[in-house]
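Next comes entry-v9.txt, a file with compact mmCIF, C-alpha atoms and all ligand atoms.
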```
# COMPACT_ATOMS: atom_id res chain seq x y z
CA MET A 1 302.52 56.65 81.27
CA PRO A 2 299.06 57.46 82.68
CA SER A 3 299.92 56.37 86.20
CA HIS A 4 302.98 58.62 86.12
CA ARG A 5 300.83 61.58 85.07
CA LEU A 6 298.33 60.82 87.81
CA LEU A 7 301.13 60.81 90.35
CA LEU A 8 302.42 64.14 89.06
CA SER A 9 299.02 65.78 89.14
CA LEU A 10 298.43 64.46 92.66
CA LEU A 11 301.78 65.92 93.66
CA GLY A 12 300.81 69.24 92.04
CA ALA A 13 297.50 69.34 93.89
CA TRP A 14 299.25 68.56 97.18
CA LEU A 15 301.82 71.33 96.62
CA LEU A 16 299.06 73.82 95.85
CA ALA A 17 297.17 72.83 98.99
CA ALA A 18 300.36 73.06 101.06
CA CYS A 19 301.03 76.57 99.77
CA HIS A 20 297.55 77.74 100.69
CA SER A 21 297.68 76.15 104.12
CA ILE A 22 300.68 78.18 105.30
CA GLY A 23 298.15 80.58 106.74
CA PRO A 24 297.88 84.29 107.36
CA LEU A 25 301.36 84.75 108.80
CA GLY A 26 303.02 82.52 106.23
CA ARG A 27 304.36 83.35 102.85
CA GLY A 28 302.22 81.12 100.60
CA ALA A 29 298.99 82.88 99.77
CA ALA A 30 299.11 86.60 99.11
CA TYR A 31 298.96 88.64 102.31
CA GLY A 32 297.68 92.15 102.83
CA ASP A 33 297.11 92.47 99.09
CA LYS A 34 293.42 93.38 99.37
CA PRO A 35 292.06 96.89 98.79
CA GLY A 36 292.10 99.27 101.74
CA PRO A 37 289.41 99.17 104.44
CA ARG A 38 286.12 101.02 104.23
CA ASP A 39 283.21 101.20 106.72
CA PHE A 40 285.38 99.58 109.40
CA ARG A 41 284.12 99.68 112.98
CA THR A 42 287.18 99.18 115.16
CA VAL A 43 290.47 101.08 115.56
CA VAL A 44 293.32 99.52 117.51
CA VAL A 45 295.40 102.43 118.84
CA ASP A 46 298.91 101.38 119.82
CA ALA A 47 301.01 103.70 121.96
CA GLY A 48 304.61 102.77 121.12
CA HIS A 49 307.08 101.52 123.75
CA GLY A 50 306.23 101.67 127.49
CA GLY A 51 307.60 100.57 130.86
CA ARG A 52 311.29 99.67 130.71
CA ASP A 53 311.32 100.56 127.00
CA SER A 54 311.18 104.36 127.00
CA GLY A 55 311.77 104.72 123.26
CA ALA A 56 313.57 107.85 122.09
CA ARG A 57 314.61 110.47 124.61
CA ALA A 58 315.72 113.96 123.66
CA ARG A 59 315.30 117.60 124.71
CA GLY A 60 313.61 116.57 127.95
CA LEU A 61 310.92 114.56 126.13
CA THR A 62 310.32 110.81 126.29
CA GLU A 63 308.76 108.90 123.41
CA LYS A 64 306.72 106.41 125.47
CA THR A 65 305.02 109.23 127.41
CA LEU A 66 304.15 111.38 124.41
CA ALA A 67 303.01 108.36 122.38
CA LEU A 68 300.60 107.34 125.16
CA ASP A 69 299.30 110.90 125.47
CA ILE A 70 298.59 111.16 121.73
CA ALA A 71 297.08 107.64 121.71
CA LYS A 72 294.66 108.55 124.51
CA ARG A 73 293.70 111.79 122.78
CA LEU A 74 293.08 109.89 119.55
CA ALA A 75 290.99 107.26 121.37
CA GLU A 76 288.88 110.02 122.92
CA LEU A 77 288.28 111.66 119.54
CA LEU A 78 287.34 108.36 117.88
CA ARG A 79 285.09 106.91 120.58
CA PRO A 80 281.83 108.46 119.50
CA ASP A 81 282.07 106.78 116.09
CA PHE A 82 284.36 103.78 116.48
CA ARG A 83 285.04 100.89 118.80
CA VAL A 84 288.51 101.75 120.13
CA ILE A 85 291.04 99.35 121.62
CA LEU A 86 294.20 100.72 123.24
CA THR A 87 297.05 98.19 123.34
CA ARG A 88 298.20 99.95 126.51
CA SER A 89 296.53 102.66 128.59
CA TYR A 90 299.30 103.16 131.12
CA ASP A 91 303.09 102.99 131.32
CA HIS A 92 303.99 99.31 130.94
CA PHE A 93 306.02 97.21 128.55
CA ILE A 94 304.42 95.11 125.80
CA GLU A 95 306.29 93.03 123.21
CA LEU A 96 305.75 94.01 119.56
CA ASP A 97 304.50 90.53 118.72
CA GLN A 98 301.93 90.80 121.47
CA ARG A 99 300.73 94.11 120.05
CA ALA A 100 300.37 92.45 116.64
CA GLN A 101 298.41 89.60 118.24
CA THR A 102 296.04 92.03 119.95
CA ALA A 103 295.38 93.62 116.57
CA SER A 104 294.93 90.26 114.86
CA ARG A 105 292.16 89.28 117.27
CA GLN A 106 290.02 92.13 115.88
CA SER A 107 288.03 91.95 112.71
CA ASP A 108 286.62 94.84 110.71
CA ALA A 109 289.47 96.88 112.20
CA VAL A 110 292.67 98.82 111.49
CA LEU A 111 295.78 99.37 113.62
CA VAL A 112 297.59 102.66 114.15
CA SER A 113 300.88 102.54 116.03
CA ILE A 114 302.03 105.90 117.40
CA HIS A 115 305.70 106.84 117.77
CA LEU A 116 308.03 109.84 117.97
CA ASN A 117 311.21 109.98 115.97
CA TYR A 118 314.91 110.36 116.76
CA GLY A 119 317.54 111.49 114.28
CA ARG A 120 319.87 114.24 113.06
CA ARG A 121 318.99 117.57 114.62
CA TRP A 122 317.89 119.17 111.36
CA ARG A 123 315.35 116.49 110.55
CA ALA A 124 311.80 117.57 111.39
CA GLY A 125 308.23 116.60 110.67
CA PRO A 126 306.07 113.49 110.51
CA GLU A 127 306.71 110.15 108.77
CA THR A 128 304.27 107.36 108.05
CA TYR A 129 305.26 103.72 107.53
CA TRP A 130 303.22 101.15 105.65
CA TRP A 131 303.93 97.87 103.89
CA ARG A 132 300.77 96.22 102.69
CA VAL A 133 298.49 97.18 99.83
CA ASP A 134 295.51 97.26 102.22
CA SER A 135 297.26 99.89 104.35
CA TYR A 136 298.52 102.22 101.62
CA SER A 137 295.57 104.64 101.40
CA LEU A 138 295.26 104.99 105.15
CA ALA A 139 299.00 105.69 105.40
CA ARG A 140 298.81 108.33 102.69
CA ARG A 141 295.87 110.01 104.34
CA MET A 142 297.66 109.97 107.71
CA GLN A 143 300.84 111.45 106.30
CA ARG A 144 298.88 114.17 104.50
CA HIS A 145 296.88 115.10 107.61
CA LEU A 146 299.98 115.07 109.87
CA ALA A 147 301.96 117.18 107.40
CA ALA A 148 299.13 119.72 107.31
CA VAL A 149 299.49 120.18 111.07
CA CYS A 150 303.31 120.41 111.10
CA PRO A 151 304.55 123.89 110.13
CA HIS A 152 308.20 123.06 109.36
CA GLU A 153 309.08 119.76 107.64
CA SER A 154 312.78 119.30 106.97
CA GLY A 155 314.66 116.24 105.70
CA ASN A 156 311.91 113.88 106.89
CA ALA A 157 311.21 110.74 104.88
CA GLY A 158 307.45 111.34 104.51
CA LEU A 159 305.57 108.26 103.40
CA VAL A 160 307.75 105.14 103.61
CA ARG A 161 307.08 101.56 102.56
CA ARG A 162 308.89 99.44 105.10
CA ARG A 163 308.33 95.95 106.45
CA LEU A 164 308.13 96.20 110.23
CA ARG A 165 306.43 93.93 112.69
CA LEU A 166 303.53 96.37 113.01
CA THR A 167 303.27 97.13 109.28
CA ARG A 168 303.45 93.51 108.10
CA ASN A 169 302.32 91.02 110.71
CA PRO A 170 298.86 91.92 112.05
CA ALA A 171 295.89 90.29 110.34
CA ILE A 172 294.33 93.73 109.77
CA PRO A 173 295.49 96.85 107.85
CA CYS A 174 298.21 98.54 109.87
CA VAL A 175 300.11 101.82 109.79
CA LEU A 176 302.92 103.21 111.97
CA VAL A 177 303.24 106.96 112.40
CA GLU A 178 306.24 108.92 113.67
CA CYS A 179 304.58 112.17 114.75
CA GLY A 180 307.76 114.27 114.74
CA TYR A 181 311.43 114.34 115.79
CA LEU A 182 312.18 114.72 119.50
CA THR A 183 315.72 115.62 118.42
CA ASN A 184 314.59 118.68 116.47
CA LEU A 185 314.24 121.94 118.38
CA LYS A 186 311.11 123.15 116.56
CA ASP A 187 309.41 119.74 116.66
CA ALA A 188 310.28 119.26 120.32
CA ARG A 189 308.93 122.69 121.29
CA LEU A 190 305.60 121.84 119.67
CA LEU A 191 305.46 118.22 120.83
CA GLY A 192 305.92 119.43 124.42
CA THR A 193 302.58 121.27 124.27
CA SER A 194 299.24 119.56 124.78
CA ASP A 195 297.74 121.82 122.12
CA TYR A 196 300.01 120.39 119.40
CA ARG A 197 299.50 116.81 120.58
CA GLN A 198 295.75 117.39 120.36
CA ARG A 199 296.16 118.68 116.80
CA LEU A 200 298.18 115.58 115.89
CA ALA A 201 295.47 113.36 117.37
CA ARG A 202 292.85 115.28 115.41
CA ALA A 203 294.87 114.79 112.21
CA LEU A 204 295.00 111.02 112.77
CA ALA A 205 291.28 110.89 113.59
CA GLY A 206 290.54 112.87 110.41
CA ALA A 207 292.54 110.42 108.29
CA LEU A 208 290.72 107.45 109.85
CA ARG A 209 287.29 109.02 109.25
CA GLU A 210 288.20 109.85 105.66
CA GLN A 211 289.40 106.28 105.04
CA ARG A 212 286.23 104.85 106.55
CA LEU A 213 284.07 106.97 104.26
CA ALA A 214 286.08 106.77 101.05
CA GLY A 215 288.15 103.59 101.21
CA ASP A 216 290.78 103.77 98.47
CA SER A 217 288.88 106.19 96.24
CA GLY A 218 290.82 109.29 95.26
CA MET A 219 294.13 107.59 96.02
CA GLY A 220 295.00 106.58 92.45
CA PRO A 221 296.15 103.09 91.49
CA LEU A 222 297.10 100.83 94.38
CA PRO A 223 300.75 99.73 94.68
CA ALA A 224 301.76 96.19 93.76
CA PRO A 225 301.91 93.71 96.61
CA VAL A 226 305.34 92.65 97.82
CA TYR A 227 305.56 89.12 99.11
CA ALA A 228 307.79 88.78 102.13
CA PRO A 229 307.75 86.68 105.28
CA PRO A 230 306.55 88.13 108.58
CA SER A 231 308.92 90.65 110.15
CA LYS A 232 310.89 89.22 113.08
CA ALA A 233 312.65 90.65 116.11
CA THR A 234 315.97 90.20 114.29
CA ASP A 235 314.92 92.64 111.55
CA ALA A 236 316.62 96.02 111.76
CA ARG A 237 313.78 98.03 113.22
CA GLY A 238 310.23 97.72 114.46
ZN ZN A 301 309.28 104.33 118.59
```
Would you write the structure of this file as structure tokens?
Ligand SMILES: [Zn+2]
Amino acid sequence: MPSHRLLLSLLGAWLLAACHSIGPLGRGAAYGDKPGPRDFRTVVVDAGHGGRDSGARARGLTEKTLALDIAKRLAELLRPDFRVILTRSYDHFIELDQRAQTASRQSDAVLVSIHLNYGRRWRAGPETYWWRVDSYSLARRMQRHLAAVCPHESGNAGLVRRRLRLTRNPAIPCVLVECGYLTNLKDARLLGTSDYRQRLARALAGALREQRLAGDSGMGPLPAPVYAPPSKATDARG
């Protein structure tokens, strides 16, 4: 019956519209499935933890303090060429969702969240977490540059695709780096020196500059998008 068909097609059109209207944090339309950024102007630098949340603590080092130090060094290195936004510039607590919102207010931008790792004593070296297709090349470049600075990787996970609040939820490409293990003697010795933290910051700045110039080129085929809802506080980590 024609009227039946009309009803069905109206229903179909409504469903399609509903799917697309879920919005950037919803699950309907593809999210973060675009190519990686190129020629971007702004870098949101996020120093992990802060205030009452000290992050990992081991071998006399505290994650929130080192993360802020590396973040400030990175900001300084980027400022001549980029607009830089620090999510925090002193020792205070910020919710992860608030950090994601700060990033989402920026356009033509990427987010880098800086952390230090905690694990078995023999694990050493950097790890880089990404989730979205638009963040893959930047994550690869960051992991490569960080690994070039670290003289002794051991049992570290390297480049990891994982849905975290700061690798899934912001409206801009976003990468989370673990610059080394506080629990590892060799990592901790290096991370305790300003010289090594400066080298880590330089590695991150180099990866950002490379991404801005080259976009995804030289990175091979892009990974397939994975559709998943925004990461929530109840998720295991992040
Ligand atoms: Zn952390």
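The closest residue to Phe82 of chain A, picked from A:Tyr31, A:Phe40, A:Trp122, A:Trp130 and counting all atoms listed in the file, is A:Phe40.
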Closest contacts (segment 62-133 of chain A/segment 187-192 of chain A, max 12 Å, all atoms listed in the file) as a Markdown table:
```
| residue | atom | partner | partner_atom | distance |
| --- | --- | --- | --- | --- |
| A:Thr62 | CA | A:Gly192 | CA | 9.9 |
| A:Glu63 | CA | A:Leu191 | CA | 10.2 |
| A:Thr65 | CA | A:Gly192 | CA | 10.7 |
| A:Leu66 | CA | A:Leu191 | CA | 7.8 |
| A:Ala67 | CA | A:Leu191 | CA | 10.3 |
| A:Asp69 | CA | A:Leu191 | CA | 10.6 |
| A:Ile70 | CA | A:Leu191 | CA | 9.9 |
| A:His115 | CA | A:Leu191 | CA | 11.8 |
| A:Leu116 | CA | A:Leu191 | CA | 9.2 |
| A:Asn117 | CA | A:Asp187 | CA | 9.9 |
| A:Tyr118 | CA | A:Ala188 | CA | 10.6 |
| A:Gly119 | CA | A:Asp187 | CA | 11.8 |
| A:Arg121 | CA | A:Asp187 | CA | 10.0 |
| A:Trp122 | CA | A:Asp187 | CA | 10.0 |
| A:Arg123 | CA | A:Asp187 | CA | 9.1 |
| A:Ala124 | CA | A:Asp187 | CA | 6.2 |
| A:Gly125 | CA | A:Asp187 | CA | 6.9 |
| A:Pro126 | CA | A:Asp187 | CA | 9.4 |
```
Can you measure atom CA of Ala139 of chain A to atom CA of Leu222 of chain A for me? One decimal in Å is fine.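 One can read the atom CA of Ala139 of chain A to atom CA of Leu222 of chain A distance as 12.2 Å.
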Work out how far atom CA of Gly55 of chain A is from atom CA of Phe93 of chain A, in Å to one decimal.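 Distance reported for this atom pair: 10.8 Å.
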Nearby residues, ligand ZN 301 (chain A), 12 Å, only C-alpha atoms and all ligand atoms, as a ChimeraX atom specification: /A:46-50,53-57,62-68,96,113-119,127,129,164,166,176-182,237-238
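As for atom CA of Arg52 of chain A and atom CA of Gln98 of chain A, they are spaced 15.9 Å apart.
Distances to Asp39 of chain A were evaluated for A:Leu111, A:Ala71, A:Ala214, A:Ala233 using only C-alpha atoms, and the minimum falls at A:Ala214.
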Could I get segment 71-105 of chain A rebuilt with N, CA and C atoms, written as a CSV table (one decimal), in the coordinates of the input?
```csv
chain,number,residue,atom,x,y,z
A,71,ALA,N,298.0,108.8,121.9
A,71,ALA,CA,297.1,107.6,121.7
A,71,ALA,C,295.8,107.8,122.5
A,72,LYS,N,295.9,108.3,123.7
A,72,LYS,CA,294.7,108.6,124.5
A,72,LYS,C,293.8,109.7,123.9
A,73,ARG,N,294.5,110.7,123.4
A,73,ARG,CA,293.7,111.8,122.8
A,73,ARG,C,293.0,111.3,121.5
A,74,LEU,N,293.7,110.5,120.8
A,74,LEU,CA,293.1,109.9,119.6
A,74,LEU,C,291.9,109.0,119.9
A,75,ALA,N,292.1,108.2,120.9
A,75,ALA,CA,291.0,107.3,121.4
A,75,ALA,C,289.8,108.1,121.7
A,76,GLU,N,290.0,109.2,122.5
A,76,GLU,CA,288.9,110.0,122.9
A,76,GLU,C,288.1,110.6,121.7
A,77,LEU,N,288.9,111.0,120.7
A,77,LEU,CA,288.3,111.7,119.5
A,77,LEU,C,287.5,110.6,118.7
A,78,LEU,N,288.0,109.4,118.7
A,78,LEU,CA,287.3,108.4,117.9
A,78,LEU,C,286.1,107.7,118.5
A,79,ARG,N,286.1,107.7,119.9
A,79,ARG,CA,285.1,106.9,120.6
A,79,ARG,C,283.6,107.1,120.2
A,80,PRO,N,283.2,108.3,119.9
A,80,PRO,CA,281.8,108.5,119.5
A,80,PRO,C,281.5,107.6,118.3
A,81,ASP,N,282.4,107.4,117.4
A,81,ASP,CA,282.1,106.8,116.1
A,81,ASP,C,282.7,105.4,115.9
A,82,PHE,N,283.7,105.0,116.7
A,82,PHE,CA,284.4,103.8,116.5
A,82,PHE,C,284.4,103.0,117.8
A,83,ARG,N,284.6,101.7,117.7
A,83,ARG,CA,285.0,100.9,118.8
A,83,ARG,C,286.6,101.0,118.9
A,84,VAL,N,287.1,101.5,120.0
A,84,VAL,CA,288.5,101.8,120.1
A,84,VAL,C,289.2,100.8,121.1
A,85,ILE,N,290.3,100.2,120.7
A,85,ILE,CA,291.0,99.4,121.6
A,85,ILE,C,292.4,99.9,121.8
A,86,LEU,N,292.8,100.3,123.0
A,86,LEU,CA,294.2,100.7,123.2
A,86,LEU,C,295.0,99.5,123.6
A,87,THR,N,296.2,99.3,123.0
A,87,THR,CA,297.0,98.2,123.3
A,87,THR,C,297.6,98.4,124.7
A,88,ARG,N,297.9,99.7,125.1
A,88,ARG,CA,298.2,100.0,126.5
A,88,ARG,C,297.6,101.3,126.9
A,89,SER,N,297.1,101.4,128.2
A,89,SER,CA,296.5,102.7,128.6
A,89,SER,C,297.3,103.2,129.8
A,90,TYR,N,298.4,102.6,130.1
A,90,TYR,CA,299.3,103.2,131.1
A,90,TYR,C,300.7,102.8,130.8
A,91,ASP,N,301.7,103.1,131.6
A,91,ASP,CA,303.1,103.0,131.3
A,91,ASP,C,303.6,101.6,131.6
A,92,HIS,N,303.4,100.6,130.7
A,92,HIS,CA,304.0,99.3,130.9
A,92,HIS,C,304.5,98.7,129.6
A,93,PHE,N,305.4,97.8,129.7
A,93,PHE,CA,306.0,97.2,128.6
A,93,PHE,C,305.2,96.1,127.9
A,94,ILE,N,305.1,96.2,126.6
A,94,ILE,CA,304.4,95.1,125.8
A,94,ILE,C,305.3,94.8,124.6
A,95,GLU,N,305.5,93.5,124.4
A,95,GLU,CA,306.3,93.0,123.2
A,95,GLU,C,305.6,93.4,121.9
A,96,LEU,N,306.4,93.7,120.9
A,96,LEU,CA,305.8,94.0,119.6
A,96,LEU,C,304.9,92.9,119.0
A,97,ASP,N,305.3,91.6,119.2
A,97,ASP,CA,304.5,90.5,118.7
A,97,ASP,C,303.2,90.4,119.4
A,98,GLN,N,303.2,90.8,120.7
A,98,GLN,CA,301.9,90.8,121.5
A,98,GLN,C,301.0,91.9,121.0
A,99,ARG,N,301.6,93.0,120.6
A,99,ARG,CA,300.7,94.1,120.0
A,99,ARG,C,300.1,93.6,118.7
A,100,ALA,N,300.9,93.0,117.9
A,100,ALA,CA,300.4,92.4,116.6
A,100,ALA,C,299.3,91.4,116.9
A,101,GLN,N,299.4,90.6,117.9
A,101,GLN,CA,298.4,89.6,118.2
A,101,GLN,C,297.1,90.3,118.7
A,102,THR,N,297.2,91.3,119.5
A,102,THR,CA,296.0,92.0,120.0
A,102,THR,C,295.3,92.5,118.7
A,103,ALA,N,296.0,93.1,117.8
A,103,ALA,CA,295.4,93.6,116.6
A,103,ALA,C,294.7,92.5,115.8
A,104,SER,N,295.4,91.4,115.7
A,104,SER,CA,294.9,90.3,114.9
A,104,SER,C,293.7,89.6,115.4
A,105,ARG,N,293.4,89.8,116.7
A,105,ARG,CA,292.2,89.3,117.3
A,105,ARG,C,290.9,90.1,116.9
```
